[in-house]
Every structure is written in structure tokens, then in C-alpha cells.
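Trainee: File name run12.txt; file contents compact mmCIF, C-alpha atoms; full text below.
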# COMPACT_ATOMS: atom_id res chain seq x y z
CA MET U 16 38.06 -51.53 -57.33
CA ARG U 17 36.84 -49.46 -54.41
CA PRO U 18 35.51 -45.95 -55.13
CA LEU U 19 37.81 -43.12 -54.16
CA ARG U 20 36.64 -40.43 -51.84
CA ALA U 21 38.10 -36.98 -51.46
CA CYS U 22 40.99 -36.71 -49.04
CA LEU U 23 40.89 -34.19 -46.24
CA GLY U 24 41.28 -30.59 -47.29
CA ALA U 25 43.94 -28.17 -46.18
CA ALA U 26 42.27 -27.15 -42.95
CA ALA U 27 40.12 -30.16 -42.20
CA ALA U 28 40.15 -31.19 -38.56
CA VAL U 29 40.12 -34.85 -37.60
CA THR U 30 38.87 -36.03 -34.23
CA LEU U 31 40.18 -39.35 -32.98
CA ALA U 32 37.67 -41.89 -31.80
CA ALA U 33 39.64 -42.66 -28.67
CA ALA U 34 38.29 -40.80 -25.65
CA GLY U 35 40.47 -37.97 -24.41
CA THR U 36 42.72 -37.97 -27.48
CA THR U 37 43.91 -34.64 -28.78
CA ALA U 38 42.40 -33.80 -32.15
CA LEU U 39 44.72 -34.08 -35.13
CA VAL U 40 44.72 -31.66 -38.01
CA ALA U 41 45.22 -33.32 -41.39
CA SER U 42 46.38 -30.21 -43.22
CA ASP U 43 47.92 -30.97 -46.58
CA ALA U 44 50.99 -28.79 -46.77
CA SER U 45 52.87 -31.16 -49.00
CA GLY U 46 51.47 -30.16 -52.37
CA ALA U 47 49.87 -33.58 -52.78
CA THR U 48 48.28 -34.33 -56.09
CA THR U 49 44.91 -35.89 -56.67
CA ALA U 50 44.86 -39.49 -55.50
CA LEU U 51 45.58 -42.21 -58.00
CA SER U 52 43.22 -45.14 -58.39
CA ASN U 53 43.45 -47.73 -55.62
CA ARG U 54 44.85 -50.16 -58.16
CA TRP U 55 48.01 -48.08 -58.38
CA TYR U 56 48.55 -48.05 -54.61
CA ALA U 57 47.96 -51.81 -54.69
CA ALA U 58 50.71 -52.16 -57.31
CA ALA U 59 53.30 -49.89 -55.67
CA PRO U 60 56.68 -51.65 -55.25
CA TYR U 61 58.86 -50.86 -52.24
CA LEU U 62 61.56 -48.22 -52.56
CA MET U 63 64.04 -47.21 -49.88
CA PRO U 64 64.52 -43.49 -50.62
CA LEU U 65 67.47 -42.96 -48.25
CA ASP U 66 69.33 -46.30 -48.25
CA ASN U 67 70.52 -49.13 -50.52
CA ASN U 68 71.70 -46.91 -53.36
CA PRO U 69 68.26 -45.45 -54.17
CA PRO U 70 67.46 -45.47 -57.89
CA ASN U 71 66.02 -42.39 -59.56
CA ALA U 72 62.24 -42.66 -59.36
CA ALA U 73 61.74 -40.50 -62.46
CA THR U 74 63.96 -42.84 -64.47
CA ILE U 75 61.88 -45.84 -63.41
CA MET U 76 58.64 -44.02 -64.27
CA ASP U 77 59.89 -43.13 -67.74
CA ALA U 78 61.16 -46.63 -68.44
CA THR U 79 58.20 -48.65 -67.15
CA GLY U 80 55.11 -46.45 -66.84
CA LEU U 81 55.07 -47.01 -63.06
CA LYS U 82 53.18 -44.32 -61.13
CA ALA U 83 53.15 -45.45 -57.48
CA PHE U 84 55.95 -46.18 -55.01
CA GLN U 85 55.88 -47.76 -51.54
CA LEU U 86 58.44 -45.76 -49.53
CA ALA U 87 60.08 -47.68 -46.67
CA PHE U 88 60.36 -47.59 -43.64
CA VAL U 89 58.97 -45.35 -40.90
CA LEU U 90 60.18 -46.47 -37.45
CA ALA U 91 60.43 -45.23 -33.88
CA PRO U 92 63.58 -43.24 -33.04
CA ASN U 93 66.57 -45.45 -32.31
CA GLY U 94 66.91 -43.75 -28.94
CA GLY U 95 63.28 -44.39 -28.04
CA GLY U 96 60.15 -42.27 -28.16
CA CYS U 97 56.86 -42.01 -29.99
CA SER U 98 57.70 -39.82 -32.97
CA PRO U 99 58.08 -41.03 -36.56
CA THR U 100 61.47 -41.30 -38.25
CA TRP U 101 62.86 -42.71 -41.46
CA GLY U 102 64.84 -45.80 -40.54
CA GLY U 103 65.05 -44.82 -36.88
CA THR U 104 67.41 -41.91 -37.54
CA ALA U 105 65.86 -39.16 -39.72
CA ALA U 106 62.94 -37.36 -38.10
CA VAL U 107 59.90 -37.06 -40.34
CA SER U 108 59.15 -33.63 -38.87
CA SER U 109 62.34 -32.10 -40.30
CA ASP U 110 62.67 -34.26 -43.41
CA THR U 111 63.42 -32.65 -46.75
CA ALA U 112 65.17 -35.53 -48.55
CA VAL U 113 62.17 -37.88 -48.80
CA GLN U 114 59.91 -34.93 -49.50
CA SER U 115 62.08 -34.11 -52.51
CA VAL U 116 61.67 -37.67 -53.83
CA ILE U 117 57.90 -37.43 -53.37
CA ASN U 118 57.79 -34.07 -55.13
CA THR U 119 59.66 -35.54 -58.10
CA ILE U 120 57.22 -38.47 -58.35
CA ARG U 121 54.15 -36.25 -58.06
CA ALA U 122 55.47 -33.78 -60.60
CA LYS U 123 55.38 -36.65 -63.12
CA GLY U 124 51.78 -37.59 -62.26
CA GLY U 125 52.61 -40.31 -59.72
CA ASP U 126 52.14 -40.72 -55.99
CA VAL U 127 53.45 -42.64 -52.99
CA SER U 128 52.35 -44.81 -50.11
CA VAL U 129 54.48 -44.94 -46.99
CA SER U 130 55.30 -48.24 -45.29
CA ILE U 131 55.74 -48.42 -41.54
CA GLY U 132 57.55 -51.22 -39.75
CA GLY U 133 59.43 -53.79 -41.80
CA TYR U 134 61.89 -56.42 -40.64
CA GLY U 135 64.08 -55.28 -37.75
CA GLY U 136 64.29 -51.91 -36.06
CA THR U 137 61.99 -50.59 -33.35
CA LYS U 138 58.41 -49.96 -34.38
CA LEU U 139 56.17 -47.19 -33.07
CA GLY U 140 53.67 -49.79 -31.88
CA GLN U 141 56.37 -50.99 -29.49
CA THR U 142 57.26 -47.58 -28.05
CA CYS U 143 53.99 -45.62 -28.09
CA ALA U 144 51.74 -46.02 -25.06
CA ASP U 145 48.55 -47.06 -26.82
CA ALA U 146 46.72 -47.17 -30.15
CA ALA U 147 45.74 -43.51 -30.00
CA SER U 148 49.29 -42.24 -29.50
CA THR U 149 50.55 -44.66 -32.17
CA ALA U 150 47.94 -43.28 -34.57
CA ALA U 151 48.93 -39.71 -33.67
CA ALA U 152 52.54 -40.48 -34.64
CA TYR U 153 51.46 -41.94 -37.98
CA GLN U 154 49.09 -39.04 -38.58
CA GLN U 155 52.14 -36.78 -38.60
CA VAL U 156 53.44 -38.77 -41.58
CA ILE U 157 50.09 -38.66 -43.40
CA THR U 158 49.76 -34.93 -42.79
CA LYS U 159 53.32 -33.95 -43.72
CA TYR U 160 53.29 -35.82 -47.03
CA GLY U 161 49.57 -35.54 -47.86
CA LEU U 162 49.30 -39.32 -48.12
CA HIS U 163 46.48 -41.19 -49.81
CA ALA U 164 47.87 -44.62 -48.84
CA ILE U 165 49.75 -46.29 -46.00
CA ASP U 166 51.16 -49.78 -45.42
CA PHE U 167 51.53 -51.53 -42.06
CA ASP U 168 54.40 -54.02 -42.48
CA LEU U 169 53.94 -56.14 -39.35
CA GLU U 170 56.64 -58.76 -38.94
CA GLU U 171 59.49 -59.77 -36.67
CA PRO U 172 60.11 -58.91 -33.94
CA GLU U 173 57.05 -56.68 -33.53
CA TYR U 174 54.37 -59.15 -34.49
CA GLU U 175 55.49 -61.43 -31.67
CA ASN U 176 54.56 -58.64 -29.22
CA THR U 177 50.84 -58.79 -28.42
CA ALA U 178 50.67 -55.25 -27.03
CA ALA U 179 52.54 -53.79 -30.01
CA ILE U 180 50.25 -55.49 -32.52
CA LYS U 181 47.21 -54.26 -30.60
CA ASN U 182 48.61 -50.72 -30.88
CA GLU U 183 49.34 -51.07 -34.60
CA ILE U 184 45.96 -52.54 -35.54
CA GLY U 185 44.21 -49.99 -33.36
CA ALA U 186 46.19 -47.19 -34.97
CA ALA U 187 45.38 -48.48 -38.46
CA LYS U 188 41.67 -48.47 -37.59
CA ILE U 189 41.85 -44.89 -36.25
CA LEU U 190 43.71 -43.65 -39.34
CA GLN U 191 41.24 -45.38 -41.64
CA GLN U 192 38.31 -43.75 -39.83
CA ASN U 193 39.81 -40.28 -39.73
CA ASN U 194 41.35 -40.05 -43.20
CA PRO U 195 38.46 -40.83 -45.59
CA GLY U 196 39.61 -42.65 -48.70
CA LEU U 197 42.97 -43.68 -47.19
CA TYR U 198 44.18 -46.91 -48.80
CA VAL U 199 45.43 -49.21 -46.02
CA SER U 200 47.42 -52.40 -46.59
CA VAL U 201 48.70 -54.76 -43.90
CA THR U 202 51.73 -56.88 -44.83
CA THR U 203 53.01 -59.85 -42.85
CA ALA U 204 55.17 -62.96 -43.15
CA GLY U 205 54.13 -65.82 -45.42
CA THR U 206 54.54 -69.56 -44.86
CA ALA U 207 53.64 -72.63 -46.90
CA ASP U 208 50.39 -72.75 -44.90
CA GLY U 209 49.65 -69.12 -45.75
CA THR U 210 50.96 -67.40 -42.64
CA GLY U 211 52.30 -68.57 -39.30
CA TRP U 212 50.94 -68.48 -35.77
CA PHE U 213 51.82 -64.83 -35.18
CA GLY U 214 50.28 -63.82 -38.50
CA LYS U 215 47.08 -65.59 -37.54
CA GLN U 216 47.07 -63.86 -34.15
CA MET U 217 47.39 -60.52 -35.94
CA LEU U 218 44.33 -61.38 -38.06
CA LEU U 219 42.39 -62.31 -34.93
CA GLU U 220 43.37 -58.97 -33.37
CA ALA U 221 42.01 -57.18 -36.44
CA LYS U 222 38.80 -59.17 -36.19
CA SER U 223 38.40 -58.38 -32.49
CA GLN U 224 38.81 -54.66 -33.18
CA GLY U 225 36.44 -54.72 -36.14
CA PHE U 226 39.18 -53.53 -38.49
CA THR U 227 39.20 -54.42 -42.20
CA PRO U 228 41.96 -52.89 -44.35
CA ASN U 229 41.95 -52.81 -48.13
CA ASN U 230 44.04 -55.99 -47.95
CA PHE U 231 46.10 -58.33 -45.86
CA SER U 232 49.23 -59.24 -47.85
CA ILE U 233 51.67 -62.07 -47.22
CA MET U 234 55.33 -62.28 -48.18
CA PRO U 235 55.89 -65.83 -49.49
CA PHE U 236 59.70 -65.86 -49.45
CA ASP U 237 62.46 -66.64 -46.93
CA GLY U 238 60.55 -69.77 -45.96
CA GLY U 239 61.71 -72.51 -48.30
CA PHE U 240 59.66 -71.37 -51.29
CA GLY U 241 60.76 -73.07 -54.50
CA GLY U 242 59.47 -70.55 -57.00
CA ALA U 243 56.01 -69.49 -58.12
CA ALA U 244 54.20 -72.79 -57.56
CA ALA U 245 55.01 -72.71 -53.84
CA GLN U 246 53.99 -69.06 -53.67
CA THR U 247 50.59 -69.52 -55.32
CA SER U 248 49.96 -72.52 -53.06
CA ALA U 249 50.65 -70.28 -50.04
CA LEU U 250 48.27 -67.65 -51.41
CA THR U 251 45.55 -70.29 -51.79
CA ASN U 252 46.10 -71.41 -48.21
CA PHE U 253 46.09 -67.83 -46.95
CA ASN U 254 42.77 -67.29 -48.69
CA SER U 255 41.32 -70.13 -46.63
CA ILE U 256 42.68 -68.52 -43.45
CA LEU U 257 40.99 -65.22 -44.34
CA GLN U 258 37.72 -67.05 -44.99
CA SER U 259 37.78 -68.90 -41.69
CA THR U 260 38.91 -65.88 -39.66
CA PHE U 261 36.48 -63.29 -40.99
CA GLY U 262 33.65 -65.46 -42.27
CA TRP U 263 34.18 -64.31 -45.84
CA ASP U 264 33.43 -66.32 -48.95
CA GLN U 265 36.30 -67.14 -51.27
CA ALA U 266 35.79 -64.16 -53.61
CA THR U 267 35.56 -61.68 -50.74
CA ALA U 268 38.72 -63.12 -49.21
CA TYR U 269 40.61 -62.75 -52.50
CA ALA U 270 39.33 -59.16 -52.77
CA HIS U 271 41.09 -58.51 -49.44
CA GLU U 272 44.24 -60.51 -50.17
CA GLY U 273 47.62 -59.34 -51.41
CA PHE U 274 51.02 -60.65 -52.51
CA SER U 275 54.35 -59.08 -51.61
CA GLY U 276 57.27 -60.89 -53.25
CA MET U 277 61.03 -60.55 -53.42
CA ASN U 278 62.64 -60.18 -56.81
CA GLY U 279 65.69 -62.27 -57.58
CA ARG U 280 67.61 -63.95 -54.77
CA SER U 281 65.93 -63.90 -51.35
CA ASP U 282 67.68 -63.56 -48.00
CA THR U 283 67.68 -67.34 -47.60
CA GLY U 284 68.90 -68.15 -51.13
CA GLU U 285 65.58 -68.80 -52.91
CA TYR U 286 65.41 -67.48 -56.48
CA PHE U 287 62.42 -65.74 -58.05
CA THR U 288 62.78 -64.90 -61.72
CA GLN U 289 60.72 -62.87 -64.14
CA ALA U 290 58.87 -66.07 -65.08
CA ASP U 291 57.93 -66.62 -61.42
CA PHE U 292 56.58 -63.08 -61.19
CA GLN U 293 54.49 -63.62 -64.32
CA THR U 294 53.00 -66.82 -62.87
CA VAL U 295 52.05 -65.14 -59.59
CA LEU U 296 50.72 -62.11 -61.48
CA ASP U 297 48.48 -64.39 -63.53
CA TYR U 298 47.25 -66.01 -60.31
CA ALA U 299 46.60 -62.65 -58.64
CA THR U 300 44.68 -61.20 -61.57
CA SER U 301 42.67 -64.36 -62.29
CA HIS U 302 41.56 -64.48 -58.63
CA ALA U 303 40.84 -60.74 -58.47
CA MET U 304 43.33 -60.21 -55.65
CA ASP U 305 43.71 -56.70 -54.26
CA ARG U 306 47.48 -56.23 -54.23
CA PHE U 307 50.67 -57.23 -56.06
CA THR U 308 53.93 -55.69 -54.91
CA PHE U 309 57.56 -56.63 -54.25
CA TRP U 310 60.75 -55.86 -52.36
CA SER U 311 62.34 -53.87 -53.87
CA LEU U 312 63.01 -51.32 -56.61
CA ASN U 313 66.47 -50.78 -55.12
CA ARG U 314 67.15 -54.41 -56.14
CA ASP U 315 65.51 -54.22 -59.60
CA ARG U 316 68.75 -54.18 -61.58
CA GLN U 317 71.42 -56.69 -62.45
CA CYS U 318 74.41 -57.31 -60.21
CA THR U 319 78.01 -57.42 -61.45
CA PRO U 320 78.59 -60.33 -61.84
CA PRO U 321 74.89 -61.17 -62.48
CA ASP U 322 74.77 -63.83 -59.73
CA ASN U 323 76.51 -61.50 -57.24
CA ASN U 324 78.79 -64.44 -56.38
CA GLY U 325 75.85 -66.32 -54.88
CA THR U 326 74.95 -63.67 -52.31
CA THR U 327 71.88 -61.50 -51.68
CA SER U 328 72.20 -57.76 -52.19
CA GLY U 329 70.07 -54.78 -51.22
CA THR U 330 70.98 -52.99 -54.42
CA CYS U 331 70.65 -55.65 -57.16
CA SER U 332 68.75 -58.87 -57.78
CA SER U 333 71.40 -61.60 -58.31
CA VAL U 334 69.52 -62.82 -61.41
CA ALA U 335 70.02 -61.94 -65.07
CA GLN U 336 67.79 -58.99 -65.95
CA SER U 337 67.47 -55.59 -67.54
CA ASP U 338 66.92 -52.62 -65.26
CA TRP U 339 63.35 -52.44 -63.89
CA ASP U 340 62.20 -55.77 -65.33
CA PHE U 341 60.27 -56.58 -62.16
CA ALA U 342 58.63 -53.15 -61.89
CA LYS U 343 56.84 -53.87 -65.14
CA TYR U 344 54.80 -56.63 -63.45
CA SER U 345 53.44 -54.06 -61.02
CA VAL U 346 52.51 -51.86 -63.96
CA LYS U 347 50.66 -54.78 -65.53
CA PHE U 348 48.80 -55.42 -62.27
CA ALA U 349 47.68 -51.79 -62.25
CA GLY U 350 46.11 -52.45 -65.63
CA VAL U 351 48.60 -50.61 -67.79
CA THR U 352 50.80 -51.95 -70.55
CA PRO U 353 54.44 -51.07 -69.85
CA PRO U 354 56.14 -49.09 -72.60
CA THR U 355 58.19 -51.15 -75.01
CA THR U 356 61.70 -49.92 -75.48
CA THR U 357 64.17 -51.11 -78.05
CA PRO U 358 67.55 -51.07 -76.38
CA THR U 359 70.24 -49.20 -78.23
CA PRO U 360 72.71 -51.84 -79.34
CA THR U 361 76.12 -51.47 -77.81
CA PRO U 362 78.63 -51.22 -80.65
CA THR U 363 81.28 -53.89 -80.66
CA PRO U 364 84.55 -52.08 -80.16
CA THR U 365 87.09 -52.49 -82.92
CA PRO U 366 90.22 -53.84 -81.30
CA THR U 367 93.25 -51.61 -81.59
CA PRO U 368 95.94 -53.60 -83.39
CA THR U 369 99.11 -54.21 -81.42
CA SER U 370 102.18 -52.86 -83.17
CA CYS U 371 104.89 -55.34 -84.09
CA LYS U 372 108.29 -55.21 -82.46
CA THR U 373 111.55 -55.28 -84.38
CA ALA U 374 111.74 -58.40 -86.54
CA TRP U 375 113.60 -61.40 -85.13
CA SER U 376 117.10 -61.98 -86.50
CA SER U 377 118.87 -65.34 -86.56
CA THR U 378 122.25 -63.70 -85.94
CA ALA U 379 121.31 -61.38 -83.07
CA VAL U 380 121.87 -62.27 -79.42
CA TYR U 381 118.81 -61.80 -77.14
CA THR U 382 118.65 -61.76 -73.35
CA ALA U 383 115.70 -62.13 -70.96
CA GLY U 384 113.04 -59.46 -71.60
CA ASN U 385 114.04 -58.59 -75.17
CA GLU U 386 111.05 -58.40 -77.53
CA VAL U 387 110.83 -59.24 -81.23
CA SER U 388 108.22 -59.95 -83.88
CA TYR U 389 108.01 -63.10 -85.96
CA ASN U 390 105.25 -64.59 -88.10
CA SER U 391 102.84 -61.69 -87.19
CA HIS U 392 103.23 -62.28 -83.44
CA ASN U 393 105.27 -60.50 -80.80
CA TRP U 394 107.61 -62.62 -78.65
CA LYS U 395 109.54 -62.00 -75.44
CA ALA U 396 112.83 -63.76 -74.60
CA LYS U 397 112.77 -65.79 -71.38
CA TRP U 398 116.57 -66.11 -71.21
CA TRP U 399 119.71 -65.72 -73.38
CA THR U 400 119.17 -67.06 -76.89
CA GLN U 401 120.57 -66.90 -80.41
CA ASN U 402 119.32 -68.46 -83.64
CA GLU U 403 116.34 -70.14 -81.97
CA VAL U 404 113.17 -69.52 -83.99
CA PRO U 405 110.28 -68.06 -81.92
CA GLY U 406 107.53 -70.64 -81.55
CA ALA U 407 109.61 -73.56 -82.78
CA SER U 408 109.29 -75.23 -79.41
CA GLU U 409 106.64 -74.89 -76.70
CA TRP U 410 109.40 -75.09 -74.09
CA GLY U 411 111.81 -72.86 -75.97
CA PRO U 412 113.22 -69.47 -74.98
CA TRP U 413 110.36 -67.40 -76.48
CA GLN U 414 107.05 -66.40 -74.81
CA ASP U 415 104.22 -65.62 -77.26
CA GLU U 416 102.72 -62.18 -76.54
CA GLY U 417 99.96 -62.39 -79.15
CA ALA U 418 99.22 -61.24 -82.67
CA CYS U 419 100.54 -57.95 -83.99
Since I need it in another form, could you write the structure as C-alpha cells?
Mentor:
Amino acid sequence: MRPLRACLGAAAAVTLAAAGTTALVASDASGATTALSNRWYAAAPYLMPLDNNPPNAATIMDATGLKAFQLAFVLAPNGGGCSPTWGGTAAVSSDTAVQSVINTIRAKGGDVSVSIGGYGGTKLGQTCADAASTAAAYQQVITKYGLHAIDFDLEEPEYENTAAIKNEIGAAKILQQNNPGLYVSVTTAGTADGTGWFGKQMLLEAKSQGFTPNNFSIMPFDGGFGGAAAQTSALTNFNSILQSTFGWDQATAYAHEGFSGMNGRSDTGEYFTQADFQTVLDYATSHAMDRFTFWSLNRDRQCTPPDNNGTTSGTCSSVAQSDWDFAKYSVKFAGVTPPTTTPTPTPTPTPTPTSCKTAWSSTAVYTAGNEVSYNSHNWKAKWWTQNEVPGASEWGPWQDEGAC
């Protein structure tokens, strides 16, 4: 675990390394609490605070012991520009909704990291002119929320853009230099070989800029992964890529490696159960990896029906589970034992007895729709009948309506 250093104070000025860049002030007006240990930021699962039916963070904290959340995603404005927004639509500068979520988490002794990028949308690295202006946009996010951690989620289509990745990696390096103690993770796509060509180019860009984050994490899903065995194999292969790229030994590479999974059914129809998460967790802890996280807490609850009719949802997992089952693996990675809760048994409802209709009579005439009771069952006449015992014939005039 890396030692924590004090974050910038309320009036601390930060000068960017890039020549001619306007100085940024990292004032902490957000009421940020003392930073958590790095292990917590490494364990923070993703949470969309404004979309996909956001769960109550306080409820998750109480149920699991979780303290850290990875809030997603900060993007460029949908209309273009170099200012940070939530999801391309809600300006960070005027935000109160996400701030309220953060305040709730911090009031309970937790904290957040903010993730920038993600799959789809326009990223600031694509719209800002250079690394310095990209960093200035992200500094607004760090300053507003008093962040101690940030995640660069670099994937399609951004990581196929050489200039954009140069801006993002350069911005990450600037933020790391000018926000002492900032925990920085870089997340990218995973493949069976570890990561693909674009992921490897991103690592080479980091090497060329002399940038080393707390970890590089891969997402081993949506690529034909058949459960935990395929995922741990990808992590082993990614470790070799880190070694060859940066000249690290195996242990150093693992100390800079992370896992970002997807709970339940993936976008491409792979399934990752609680048992898969336990297997990968065991791998991550036994190899002293730096990060274990997943997408997402919005999905960490059971669908109705549990398999969601064989489709992938942004608000439930499509596997059988109790609420927040997957969050507990993050808690374990942080080094904490999740609280044990005995679920309150749901009482079996006592069925309300159905009252019996007027007793059947052998002399009465009945027409379609008339109801009677006979032998503790109610019966409905299908057509005109007289002196035909209900139930005497499967094809007779009476339809059984059940016990009474």
C-alpha cells in the first residue's frame, strides 16, 4: 500500500508543468473528508449517480460496509467544448445532484473517485486542444469535489485516437504531479492476450511520457470470456505486457495491475457469477494486485425475472442474487469483512379461503354461467344442464373453479 500524503489545502495554488499554462487553484470547497486508504479507492465499484436507476449509496454502505464509490462518467459537452460534464449533458460547474450524493457518502465516513471517459460519448481528450487544457478541465472536477482519486477509463472510440490518448495520458501526468497524493487509475479494454493493440499503444504512450499511475486495469469481459478462468488467464497475460513495456519484474507489474469486471450478464451475453468474482478476488489478492472493481453498483441487484429474459440490463445483473452481493467482494479486497445480515424471513401468506356457492341441486335447471358448489369445489355451467353431477365427466357441462 502506498503512503498517503496530505491533499492540497483550501487555498493551495497549483502550477502546471506545461509552459504558458494558467495556474490552477485546487481550493477544496466541497467539504471533503480526510482521504481513505488507497486500498479503498482501489476497491471502489462504479456507480452512475444520475442514470440507470441509481441505488441509494447509504443503503449499500450500511448493508455491505463499502466506503468508496467510483462515480461515472465525466465527458465533454455533447455540443462540443473543453469543459467537464456528467454524461455530456450536466455541467460539473453548476452541479448539485452529484454533489449531494458525495455529501451523503462522506457524511457516513466514505469517499468517492470520479471516472472520466467510459464506453461511448465524447471525451475531453478528443475536444481539448492539448494535454494542459485537458488537465485544466479535469482539475475543475478535482477542485469542485475535493477529490483524492480519479480514474481514466480509456476505451472505444477514444483509445483509437492517438492525439486524444496523448492528451489524456499527458493530463493524467499533470494532475498526478499537481495534486500530491492523488490516486490515479487507468482502465482499458481486456482481451484474452491481456489487452489489444490500442491498449498496448496506450501503455507505450504512458512510457514515452514517463507516466506511471497507481495501476493500469483491464476489463476482461465482452470478449468471449467464459468465466473466471479466462479472466485470470487474461490478467496473467496482461502482467507480462506490463513487464515487457515498462521493464518491471513480475511483482512490480502486479503491484501496478488492476481488474475491472462486470457483474452478472455482460453486454455480449457472458455470465459472471458470485463464484467467478470470488475466484478473481483470490487471484488478485494472492498476486498482490493493486485494484479490484466492477461495473456496476446500479446492476448489483436481481432482475425480475432473475434472468431478465436473457437480456443485459443497466439496472440489474440477470443472475440470481441478493442486493449488493457483488459489492461485498470489493469490501473484501479493501481488507474488511462485510457485515453478516440475517435476512428477515418473508412470512408465507395464509391463503384466503374461497367461499362456496349455493349447493348443486339435481332438480334445478342451470344455464351457461350459473355457479354452484359440490364436493367442496365451486363449478360453473358451460351450457344448459339439469341433473348432471359436477365433475362426473371431464367433458361434461361443468367447469371446475377450484376448492372452496
Trainee: Restricting the calculation to only C-alpha atoms: of U:Val107, U:Val295, U:Ile256, U:Ala303, which residue gets closest to U:Ala270?
Mentor: U:Ala303
Trainee: So what do you get for atom CA of U:Ser376 versus atom CA of U:Gly417, distance-wise?
Mentor: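 It comes out at 18.7 Å.
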Trainee: Enumerate, as a list in words, the protein, DNA and RNA residues whose atoms approach (48.0, -49.8, -54.1) to within 8 Å, taking into account all atoms listed in the file and the coordinate frame of the file.
Mentor: Ser52, Asn53, Arg54, Trp55, Tyr56, Ala57, Ala58, Ala59, Ala83, Ser128, Ala164, Tyr198, Ser200 and Arg306 of chain U
Trainee: Skipping near chain neighbours, those fewer than 5 positions away, what residues fall within 12 Å of stretch 93-102 of chain U using all atoms listed in the file, listed as a PyMOL selection string?
Mentor: chain U and resi 63-67+86-88+107-114+129-157+159
Trainee: List as a CSV table (one decimal) with C-alpha atoms, in the frame of the given file the protein and nucleic acid residues near U:Ser281, meaning an atom at most 7 Å away when all atoms listed in the file are counted, but skip any in the same chain fewer than 3 places from it.
Mentor:
chain,number,residue,atom,x,y,z
U,236,PHE,CA,59.7,-65.9,-49.4
U,237,ASP,CA,62.5,-66.6,-46.9
U,277,MET,CA,61.0,-60.6,-53.4
U,284,GLY,CA,68.9,-68.2,-51.1
U,285,GLU,CA,65.6,-68.8,-52.9
U,286,TYR,CA,65.4,-67.5,-56.5
U,327,THR,CA,71.9,-61.5,-51.7
Trainee: Writing N, CA, C and O atoms and nothing else, produce stretch 203-218 of chain U as a compact mmCIF listing (two decimals), in the first residue's frame.
Mentor:
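Contents of the output file out-v4.txt:
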# COMPACT_ATOMS: atom_id res chain seq x y z
N THR U 203 -8.74 0.14 -19.15
CA THR U 203 -8.87 -0.04 -20.59
C THR U 203 -9.40 -1.44 -20.90
O THR U 203 -9.57 -2.26 -20.00
N ALA U 204 -9.67 -1.69 -22.17
CA ALA U 204 -10.29 -2.94 -22.58
C ALA U 204 -9.36 -4.13 -22.33
O ALA U 204 -8.13 -4.01 -22.42
N GLY U 205 -9.96 -5.27 -22.03
CA GLY U 205 -9.21 -6.51 -21.85
C GLY U 205 -9.48 -7.48 -22.98
O GLY U 205 -10.57 -7.49 -23.57
N THR U 206 -8.48 -8.29 -23.31
CA THR U 206 -8.63 -9.36 -24.29
C THR U 206 -8.02 -10.63 -23.69
O THR U 206 -7.38 -10.58 -22.63
N ALA U 207 -8.17 -11.74 -24.38
CA ALA U 207 -7.58 -12.99 -23.89
C ALA U 207 -6.07 -12.86 -23.75
O ALA U 207 -5.45 -13.49 -22.88
N ASP U 208 -5.45 -12.01 -24.59
CA ASP U 208 -4.00 -11.80 -24.53
C ASP U 208 -3.60 -10.77 -23.47
O ASP U 208 -2.42 -10.49 -23.31
N GLY U 209 -4.56 -10.20 -22.80
CA GLY U 209 -4.31 -9.17 -21.80
C GLY U 209 -5.00 -7.89 -22.20
O GLY U 209 -5.97 -7.46 -21.58
N THR U 210 -4.50 -7.27 -23.26
CA THR U 210 -5.19 -6.13 -23.86
C THR U 210 -4.82 -6.11 -25.33
O THR U 210 -3.85 -6.74 -25.76
N GLY U 211 -5.62 -5.39 -26.13
CA GLY U 211 -5.41 -5.38 -27.57
C GLY U 211 -4.39 -4.36 -28.03
O GLY U 211 -3.68 -3.74 -27.23
N TRP U 212 -4.32 -4.18 -29.35
CA TRP U 212 -3.31 -3.31 -29.94
C TRP U 212 -3.42 -1.88 -29.41
O TRP U 212 -2.42 -1.27 -29.06
N PHE U 213 -4.65 -1.36 -29.33
CA PHE U 213 -4.82 0.02 -28.88
C PHE U 213 -4.46 0.15 -27.39
O PHE U 213 -3.92 1.18 -26.97
N GLY U 214 -4.78 -0.87 -26.61
CA GLY U 214 -4.37 -0.84 -25.20
C GLY U 214 -2.87 -0.81 -25.05
O GLY U 214 -2.31 -0.10 -24.21
N LYS U 215 -2.19 -1.59 -25.89
CA LYS U 215 -0.73 -1.61 -25.84
C LYS U 215 -0.14 -0.28 -26.29
O LYS U 215 0.87 0.19 -25.73
N GLN U 216 -0.77 0.36 -27.28
CA GLN U 216 -0.30 1.69 -27.71
C GLN U 216 -0.47 2.71 -26.60
O GLN U 216 0.36 3.60 -26.42
N MET U 217 -1.57 2.59 -25.83
CA MET U 217 -1.77 3.49 -24.70
C MET U 217 -0.66 3.32 -23.66
O MET U 217 -0.14 4.29 -23.11
N LEU U 218 -0.27 2.05 -23.40
CA LEU U 218 0.81 1.81 -22.45
C LEU U 218 2.13 2.40 -22.96
O LEU U 218 2.91 2.97 -22.18
